[in-house]
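Chemist: There's a structure below that I have some questions on.
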Amino acid sequence: MLPLHIDNDFSALGQRMYALAERLFPICRSITGNGLRETLRILQQEIPLELFEVPTGTPAFDWVVPREWNIRDAYIKNSRSEKIVDFQQNNLHVLNYSIPINTRMSLEELRPHLFTLPDKPEWIPYRTSYFNDNWGFCITHQQLEMMPDDDYEVVIDSSLEPGALSYGELTIPGESEEQVLLFAHCCHPSLANDNLSGIAVVVELAKMLSASSPRFTYRCIFAPGTIGCITWLSQNKPELSKVKLGLVAAVLGDLGQLTYKKTRAGETLIDRAALHILRHRNMTFTTLEFSPYGYDERQFASPGINLPVGRLTRTPNGKYPEYHTSADNMSLITPDALADSLTAYNEIITLIENNYVYQSNFPYCEPQLGKRGLYRTTGGHANAEQRELAMLWVLNQSDGQHDLLDIAERSDIPFATIASAATELAAADVIKKV
Amino acid sequence: MLPLHIDNDFSALGQRMYALAERLFPICRSITGNGLRETLRILQQEIPLELFEVPTGTPAFDWVVPREWNIRDAYIKNSRSEKIVDFQQNNLHVLNYSIPINTRMSLEELRPHLFTLPDKPEWIPYRTSYFNDNWGFCITHQQLEMMPDDDYEVVIDSSLEPGALSYGELTIPGESEEQVLLFAHCCHPSLANDNLSGIAVVVELAKMLSASSPRFTYRCIFAPGTIGCITWLSQNKPELSKVKLGLVAAVLGDLGQLTYKKTRAGETLIDRAALHILRHRNMTFTTLEFSPYGYDERQFASPGINLPVGRLTRTPNGKYPEYHTSADNMSLITPDALADSLTAYNEIITLIENNYVYQSNFPYCEPQLGKRGLYRTTGGHANAEQRELAMLWVLNQSDGQHDLLDIAERSDIPFATIASAATELAAADVIKKV
Amino acid sequence: MLPLHIDNDFSALGQRMYALAERLFPICRSITGNGLRETLRILQQEIPLELFEVPTGTPAFDWVVPREWNIRDAYIKNSRSEKIVDFQQNNLHVLNYSIPINTRMSLEELRPHLFTLPDKPEWIPYRTSYFNDNWGFCITHQQLEMMPDDDYEVVIDSSLEPGALSYGELTIPGESEEQVLLFAHCCHPSLANDNLSGIAVVVELAKMLSASSPRFTYRCIFAPGTIGCITWLSQNKPELSKVKLGLVAAVLGDLGQLTYKKTRAGETLIDRAALHILRHRNMTFTTLEFSPYGYDERQFASPGINLPVGRLTRTPNGKYPEYHTSADNMSLITPDALADSLTAYNEIITLIENNYVYQSNFPYCEPQLGKRGLYRTTGGHANAEQRELAMLWVLNQSDGQHDLLDIAERSDIPFATIASAATELAAADVIKKV
């Protein structure tokens with residue numbers, strides 16, 4: 001069981017997470033290929049991640065693992081052989097999963113293959129075409145507007161060939177076989193908040209959990225979004241009945257407030273735990289009802305899988321202007337925001353680890369706490385101290401039906417105070433774990 | 001099954017409903033008698049209504065069908081033989097169900113038999129005495145105040161004799177034996193909104209349903225209020241287990257906003273359907289909790305009958321000043337209000353007809369919509385289109401437990417969009433009806 | 001069954017309750033001893049209370065009945081032999097349950113044994129040390145500040161010896177063996193609101209109930225707080241399954257508004273009854289959620305006892321500045337406030353006594369009330385009278401599933417009106433008790 005209080009220097013951890021994100025930022029990732037593989041190998045330098053390679057053509061429920069995509073270079077040159085768009089400058093410039101091309105064409109022919117953001121003329125959009133053979137370039141709208149009609153040389157030196165889809169996983173065994181999933185998608189190229197931030201947070205959580213003796217078994221999963229998550233679920237289907245709950249970790253480095261998105265069922269342990277912690281942090285936060293759109297909570301929430309997996313982000317996908325553009329870079333995220341996200345994750349996990357059900361050994365009336373040194377000896381005061389109140393709540397509700405989180409919620413006392421009171425009472429043999 | 005979208009010219013239908021009401025307006029109806037019978041025969045010219053005659057003395061639960069009331073003339077003459085109150089001018093002038101009388105009397109003797117509205121001195125009230133032998137005249141308060149003490153000739157040429165209680169019914173068979181009831185009371189004399197408006201709306205619904213091949217069996221009932229409804233229920237008791245739901249249609253022609261009154265149970269399909277449609281019409285509306293006072297929803301909601309019958313009116317009974325007075329005439333109702341009411345009824349019925357439960361054929365993770373041409377091929381956009389979102393919701397919730405209305409409510413997407421998405425997905429064999 | 005309407009002169013009862021409190025005020029009560037015993041004997045002059053003496057050493061769940069405490073005198077004299085603190089002036093001056101002492105000491109030695117209220121320098125606090133051997137004096141902060149360093153004579157002429165814990169109980173048998181508990185703690189010395197007010201209210205309720213033939217069996221309990229309640233529960237454990245509900249009566253004489261504190265389960269009959277009455281009194285009131293802190297509802301709500309016992313006070317414990325100080329004296333409480341509290345208790349008990357479940361003898365549609373003289377004979381009015389509406393609600397909901405309080409709550413009609421309507425309908429054989 002994780003201790004109730006950890007004295008980590010979260011500020012230093014923020015710096016470390018930022019440094020990891022910085023190192024991963026330049027790599028051109030996708031849902032398959034060497035960029036993804038290199039990313040996972042760097043994570044292996046941090047934690048003992050196991051790498052999995054699922055061959056092209058492997059079925060994954062209604063899907064099939066696609067051909068592996070690799071890219072070496074891509075550019076557009078004008079008729080004066082000047083590179084006006086260059087993959088080496090920013091890997092977002094290529095429509096992710098573009099088929100290879102090497103040809104010359106007019107602006108008119110090229111135009112349907114150019115993606116821009118007219119509303120944000122200085123930013124490059126991030127676009128993909130995973131399952132439809134296509135090629136294209138993503139450029140700023142300013143670039144587009146400066147492109148004259150010309151004879152353009154268009155080169156994408158990519159390959160789509162049988163290979164594998166890679167993902168990484170670290171299992172940290174606990175006292176119980178019940179599993180907690182921590183899932184971070186790692187398929188995006190040079191985008192910092194989405195999702196190097198989530199990757200960095202899960203890496204630190206994995207380190208903390210490995211250093212302790214957790215109650216539950218934790219599975220930290222780093223896989224591509226959608227097809228990677230579906231592949232993981234399909235490969236792990238027999239194990240899924242062991243999953244107690246999970247969190248999708250994404251978009252955790254920006255300055256926005258934390259946002260918890262509920263599970264499909266909406267009132268499960270992870271929902272109650274996350275929202276309890278967020279309510280008691282004295283910082284504003286947002287609660288989102290479940291919807292089948294967003295990150296990989298979609299797959300966990302599909303009717304046949306139906307696992308209680310919530311999602312904790314800062315500003316969620318699609319709700320910050322830099323989302324899926326070149327402006328989601330290392331200047332959008334900060335060490336402090338990463339540290340704050342890590343703290344919240346840590347508090348939620350600590351709650352889950354310490355959330356026991358107790359039964360009173362003295363269920364008839366209140367036990368006499370005073371003779372056990374648990375209560376002040378002079379009576380008549382107008383109000384109870386919070387510690388005493390927490391003990392009275394634990395005693396009153398410890399009928400074997402309520403976990404400590406129930407008691408914290410009903411009493412409106414922070415979980416940590418309730419859990420400390422329960423520990424004191426259990427040490428004095430007044431209550432026992434069920 | 002009714003199609004999801006109907007291209008009726010509701011404005012023209014409004015004119016047609018108004019014309020029908022205009023034709024029925026002058027007739028002196030009651031809970032029995034020739035005025036009621038004539039009304040039903042006029043409706044037979046519109047729809048193939050079956051007429052039922054239940055003889056006087058027939059028991060109807062705790063009630064008995066009363067003697068039939070017919071009236072030819074009624075007046076009060078002053079001592080100069082001037083008709084100062086004349087049934088031929090307005091049939092509201094007679095206390096409905098008055099016993100015959102032909103005598104002379106002073107104002108003092110007459111006074112207890114005169115009904116007025118002191119607060120609305122220019123309007124004639126509508127009053128009845130169905131089950132207590134009495135006679136009387138309803139006049140304006142202005143009339144009363146101008147009546148000197150005099151020797152009045154008082155004549156009511158009515159009869160109360162064994163006969164029958166008449167009602168009309170049209171059954172439109174559907175694929176299913178499950179029944180939907182549409183009930184309009186038709187016992188009121190010259191009152192337009194209450195309830196020629198309701199009669200006209202149900203007549204048009206009957207035409208629409210007859211022209212389609214509905215999923216459910218519809219029973220359109222035109223019967224007197226209270227005793228007529230009770231008689232109908234008593235005559236149809238063995239059939240009531242087939243009733244899926246129903247609506248009481250009344251007061252549908254005034255300019256007030258639509259008002260839905262919930263069923264006794266309060267959360268049944270008709271409640272959810274009506275309120276979903278009203279919420280998505282972008283017009284203000286009122287929701288009333290059930291109460292055992294009002295129109296014939298009272299009888300459907302009695303503890304032994306207990307059918308899920310809601311009520312959709314515009315301004316409800318007792319809540320508009322003209323209610324049950326001579327001011328509830330053809331100038332109170334408009335073709336547009338009737339058309340708007342009809343539209344709402346049509347949308348509610350369409351929802352119920354199309355409200356299926358589906359089950360996903362691909363419950364494990366999301367199915368790959370792109371390869372079926374159901375999803376855009378380029379990825380990375382910040383937001384989903386509503387059509388795609390509707391498909392994702394249908395897929396996520398199609399576990400055989402949720403009907404399309406559940407999904408529309410949870411997603412806050414209009415039912416029609418959800419139902420269209422389900423149709424697309426079913427056509428692509430991604431989901432199937434349960 | 002108590003009649004629905006009682007014509008008591010509550011104002012006179014207020015005077016009588018105030019006079020009883022005045023008589024009891026000077027006595028130095030504690031959780032055991034002669035002051036407590038004398039108090040119960042005075043109550044015996046009002047109602048036929050049975051006295052119980054539970055010997056020192058008797059186990060009571062996790063507790064043991066303590067030695068009996070008696071006190072004859074206590075004072076502090078300065079070096080000039082002047083009594084500067086005198087128990088005879090105010091019995092709050094002694095730390096309740098002080099062990100005997102007779103010695104001389106400096107201010108420095110005395111200081112840890114002096115209790116004051118620095119924020120309320122003119123008031124004497126009420127402090128106890130029941131289960132920890134200690135002695136002390138409670139004085140005003142002004143007194144403390146005027147005490148020079150001196151050689152003080154400190155005398156507490158008390159005894160702590162084997163004896164008994166006393167409590168009183170009156171059982172008023174009803175038609176049913178189901179029990180209603182009315183509990184007033186009576187261990188506090190000269191404090192008026194806490195709880196001579198509660199004692200006086202329960203005494204009057206006992207008189208009223210004894211004078212009627214109640215449906216339920218009432219147990220009026222006057223016992224010390226905490227240990228007295230625990231002792232009572234321990235002595236009566238085999239009987240507890242007969243308890244239907246209960247109320248803790250305390251703090252009922254101040255000018256604050258009534259405050260109902262819910263039972264542990266929160267939605268039981270006593271909760272619904274008390275809140276219905278409070279809602280319909282046209283006076284502001286406060287609702288408190290259950291918490292395991294306060295008066296003896298704590299013990300009734302312990303997980304092994306778990307009885308539906310609510311609490312009705314005026315300003316609750318700890319929430320008025322005079323709480324547990326010498327300012328909680330006879331000028332804090334008024335006859336009118338006591339009368340108002342008594343009225344509310346009486347209305348709640350009357351509701352519970354009259355709260356039957358009925359079943360309609362005519363469940364199919366509405367029965368014809370007119371022919372039974374229960375409904376006006378002329379129809380067509382815009383609104384129902386409340387009496388008629390109450391009858392319609394009773395008829396509609398009398399399916400054997402809803403008690404009259406359910407019907408009153410759903411209809412938002414006062415319970416007394418609903419219960420009257422039910423009585424009329426039952427007299428006409430339209431409904432019958434289940």
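Just so we're on the same page: first chain in the structure tokens is A, next is B, and so on; residues restart at 1 for each chain, and ligands are numbered from 1 in the order they show up.
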Using only C-alpha atoms, which residues of chain B come within 8 Å of chain C, and what is the closest atom pair for each, with the distance in Å to one decimal? Give it as JSON lines, sorted by chain and residue number.
Modeler:
```
{"residue": "B:Phe61", "atom": "CA", "partner": "C:Tyr364", "partner_atom": "CA", "distance": 6.4}
{"residue": "B:Asp62", "atom": "CA", "partner": "C:Pro367", "partner_atom": "CA", "distance": 5.4}
{"residue": "B:Trp63", "atom": "CA", "partner": "C:Gln368", "partner_atom": "CA", "distance": 6.3}
{"residue": "B:Tyr126", "atom": "CA", "partner": "C:Gly380", "partner_atom": "CA", "distance": 6.1}
{"residue": "B:Arg127", "atom": "CA", "partner": "C:Gly380", "partner_atom": "CA", "distance": 4.8}
{"residue": "B:Thr128", "atom": "CA", "partner": "C:Gly379", "partner_atom": "CA", "distance": 4.8}
{"residue": "B:Ser129", "atom": "CA", "partner": "C:Thr378", "partner_atom": "CA", "distance": 4.9}
{"residue": "B:Tyr130", "atom": "CA", "partner": "C:Gly379", "partner_atom": "CA", "distance": 7.8}
{"residue": "B:Phe131", "atom": "CA", "partner": "C:Thr377", "partner_atom": "CA", "distance": 7.2}
{"residue": "B:Asn132", "atom": "CA", "partner": "C:Thr377", "partner_atom": "CA", "distance": 6.2}
{"residue": "B:Ile230", "atom": "CA", "partner": "C:Cys365", "partner_atom": "CA", "distance": 6.3}
{"residue": "B:Ser291", "atom": "CA", "partner": "C:Ser411", "partner_atom": "CA", "distance": 7.3}
{"residue": "B:Pro292", "atom": "CA", "partner": "C:Leu392", "partner_atom": "CA", "distance": 5.9}
{"residue": "B:Tyr293", "atom": "CA", "partner": "C:Leu389", "partner_atom": "CA", "distance": 7.1}
{"residue": "B:Arg298", "atom": "CA", "partner": "C:Cys365", "partner_atom": "CA", "distance": 7.6}
{"residue": "B:Gln299", "atom": "CA", "partner": "C:Cys365", "partner_atom": "CA", "distance": 4.6}
{"residue": "B:Phe300", "atom": "CA", "partner": "C:Cys365", "partner_atom": "CA", "distance": 6.9}
{"residue": "B:Ala301", "atom": "CA", "partner": "C:Asn396", "partner_atom": "CA", "distance": 7.2}
{"residue": "B:Ser302", "atom": "CA", "partner": "C:Cys365", "partner_atom": "CA", "distance": 5.0}
{"residue": "B:Pro303", "atom": "CA", "partner": "C:Pro363", "partner_atom": "CA", "distance": 5.2}
{"residue": "B:Gly304", "atom": "CA", "partner": "C:Pro363", "partner_atom": "CA", "distance": 4.4}
{"residue": "B:Ile305", "atom": "CA", "partner": "C:Tyr364", "partner_atom": "CA", "distance": 5.6}
{"residue": "B:Asn317", "atom": "CA", "partner": "C:Ala382", "partner_atom": "CA", "distance": 7.2}
{"residue": "B:Gly318", "atom": "CA", "partner": "C:Ala382", "partner_atom": "CA", "distance": 4.5}
{"residue": "B:Lys319", "atom": "CA", "partner": "C:Ala382", "partner_atom": "CA", "distance": 7.9}
{"residue": "B:Tyr323", "atom": "CA", "partner": "C:Ala382", "partner_atom": "CA", "distance": 7.1}
{"residue": "B:His324", "atom": "CA", "partner": "C:Gly380", "partner_atom": "CA", "distance": 6.6}
```
Chemist: Would you mind exporting the chosen residues as a compact mmCIF listing (two decimals), in the first residue's frame, restricted to N, CA, C and O atoms?
Modeler:
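File produced: result19.txt:
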```txt
# COMPACT_ATOMS: atom_id res chain seq x y z
N PHE B 61 -67.91 1.12 -14.24
CA PHE B 61 -67.23 1.13 -12.94
C PHE B 61 -68.19 1.70 -11.88
O PHE B 61 -69.29 1.17 -11.73
N ASP B 62 -67.80 2.75 -11.17
CA ASP B 62 -68.67 3.26 -10.10
C ASP B 62 -69.80 4.13 -10.66
O ASP B 62 -70.61 4.65 -9.90
N TRP B 63 -69.84 4.32 -11.97
CA TRP B 63 -70.80 5.24 -12.58
C TRP B 63 -71.84 4.46 -13.38
O TRP B 63 -71.71 3.27 -13.59
N TYR B 126 -69.77 28.95 -18.68
CA TYR B 126 -70.22 27.61 -19.07
C TYR B 126 -70.36 26.80 -17.79
O TYR B 126 -69.39 26.61 -17.06
N ARG B 127 -71.59 26.38 -17.52
CA ARG B 127 -71.84 25.60 -16.31
C ARG B 127 -72.66 24.37 -16.66
O ARG B 127 -73.43 24.37 -17.62
N THR B 128 -72.49 23.31 -15.84
CA THR B 128 -73.18 22.05 -16.09
C THR B 128 -73.78 21.52 -14.79
O THR B 128 -73.36 21.91 -13.70
N SER B 129 -74.75 20.64 -14.95
CA SER B 129 -75.29 19.93 -13.78
C SER B 129 -75.70 18.53 -14.23
O SER B 129 -76.87 18.18 -14.26
N TYR B 130 -74.69 17.75 -14.57
CA TYR B 130 -74.94 16.45 -15.21
C TYR B 130 -75.65 15.46 -14.28
O TYR B 130 -76.49 14.69 -14.72
N PHE B 131 -75.27 15.44 -13.03
CA PHE B 131 -75.70 14.32 -12.18
C PHE B 131 -76.59 14.78 -11.03
O PHE B 131 -76.82 14.05 -10.10
N ASN B 132 -77.05 16.02 -11.10
CA ASN B 132 -77.94 16.56 -10.09
C ASN B 132 -79.04 17.29 -10.83
O ASN B 132 -78.77 18.24 -11.58
N ILE B 230 -64.69 7.38 -18.83
CA ILE B 230 -64.89 6.25 -17.91
C ILE B 230 -65.66 5.14 -18.63
O ILE B 230 -65.32 3.95 -18.50
N SER B 291 -50.94 15.83 -11.69
CA SER B 291 -51.87 16.00 -10.58
C SER B 291 -53.18 15.37 -11.01
O SER B 291 -53.48 15.30 -12.21
N PRO B 292 -54.00 14.90 -10.08
CA PRO B 292 -55.23 14.20 -10.46
C PRO B 292 -56.37 15.17 -10.74
O PRO B 292 -57.51 14.86 -10.47
N TYR B 293 -56.06 16.33 -11.29
CA TYR B 293 -57.08 17.31 -11.65
C TYR B 293 -56.75 17.76 -13.06
O TYR B 293 -55.58 17.86 -13.42
N ARG B 298 -56.89 12.17 -15.75
CA ARG B 298 -57.32 11.75 -14.41
C ARG B 298 -57.76 10.30 -14.38
O ARG B 298 -57.45 9.55 -13.45
N GLN B 299 -58.58 9.93 -15.38
CA GLN B 299 -59.13 8.57 -15.39
C GLN B 299 -58.06 7.55 -15.77
O GLN B 299 -57.95 6.49 -15.15
N PHE B 300 -57.24 7.91 -16.78
CA PHE B 300 -56.18 6.98 -17.19
C PHE B 300 -55.19 6.75 -16.04
O PHE B 300 -54.54 5.72 -15.98
N ALA B 301 -55.08 7.75 -15.16
CA ALA B 301 -54.12 7.67 -14.06
C ALA B 301 -54.71 7.10 -12.78
O ALA B 301 -54.02 7.01 -11.78
N SER B 302 -55.97 6.71 -12.80
CA SER B 302 -56.55 6.15 -11.56
C SER B 302 -55.80 4.87 -11.20
O SER B 302 -55.23 4.20 -12.07
N PRO B 303 -55.76 4.54 -9.90
CA PRO B 303 -54.83 3.47 -9.49
C PRO B 303 -55.07 2.12 -10.15
O PRO B 303 -54.12 1.37 -10.39
N GLY B 304 -56.33 1.81 -10.48
CA GLY B 304 -56.59 0.51 -11.11
C GLY B 304 -56.35 0.50 -12.60
O GLY B 304 -56.13 -0.55 -13.20
N ILE B 305 -56.40 1.66 -13.23
CA ILE B 305 -56.15 1.76 -14.68
C ILE B 305 -54.66 1.98 -14.91
O ILE B 305 -53.98 1.21 -15.56
N ASN B 317 -56.12 24.05 -18.98
CA ASN B 317 -57.43 24.33 -18.39
C ASN B 317 -57.33 25.20 -17.15
O ASN B 317 -56.51 24.97 -16.27
N GLY B 318 -58.18 26.19 -17.09
CA GLY B 318 -58.24 27.02 -15.89
C GLY B 318 -57.18 28.09 -15.84
O GLY B 318 -57.19 28.93 -14.94
N LYS B 319 -56.21 28.06 -16.77
CA LYS B 319 -55.10 29.00 -16.69
C LYS B 319 -55.20 30.13 -17.72
O LYS B 319 -54.31 30.98 -17.79
N TYR B 323 -61.22 30.62 -20.36
CA TYR B 323 -61.56 29.22 -20.08
C TYR B 323 -63.01 29.09 -19.60
O TYR B 323 -63.43 29.78 -18.67
N HIS B 324 -63.77 28.21 -20.25
CA HIS B 324 -65.15 27.92 -19.86
C HIS B 324 -66.04 29.16 -19.81
O HIS B 324 -66.84 29.33 -18.89
```
Chemist: I'd like the neighbourhood of Asp336 in chain B as a list of chain:residue names, where a residue qualifies if any of its atoms comes within 10 Å (using only C-alpha atoms), though same-chain residues fewer than 4 positions away should be ignored.
Modeler: B:Phe10, B:Ser11, B:Ala12, B:Leu13, B:Gly14, B:Gln15, B:Met17, B:Tyr18, B:Gly253, B:Asp254, B:Leu255, B:Asp340, B:Ser341, B:Leu342
Chemist: Got a sec: who's within 8 Å of Ala249 in chain A, counting only C-alpha atoms, leaving out chain neighbours fewer than 3 positions off, as a ChimeraX atom specification?
Modeler: /A:182-185,198-199,201-202,252,311-313
Chemist: Just how far from CA of Ile84 in chain C is CA of Pro26 in chain C, in Å to one decimal?
Modeler: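 For CA of Pro26 in chain C relative to CA of Ile84 in chain C, the distance reads 20.0 Å.
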Chemist: Among the residues of range 191-392 of chain A, find those DSSP assigns to strand (DSSP E or B) from the backbone and print them as JSON, numbers by chain.
Modeler: {"A": [217, 218, 219, 220, 221, 222, 223, 243, 244, 245, 246, 247, 248, 249, 259, 260, 261, 286, 287, 288, 309, 310, 311, 312, 313, 325, 357, 358, 359, 360, 379]}
Chemist: Using DSSP on the backbone coordinates, identify all residues within range 123-314 of chain C classified as alpha helix (DSSP H); present the result as an NGL selection string.
Modeler: :C and (141-145 or 197-211 or 227-235 or 269-279 or 297-300)
Chemist: As an exercise, work out the distance from CA of Trp69 in chain A to CA of Ser158 in chain A in Å and give it to one decimal place.
Modeler: 7.1 Å
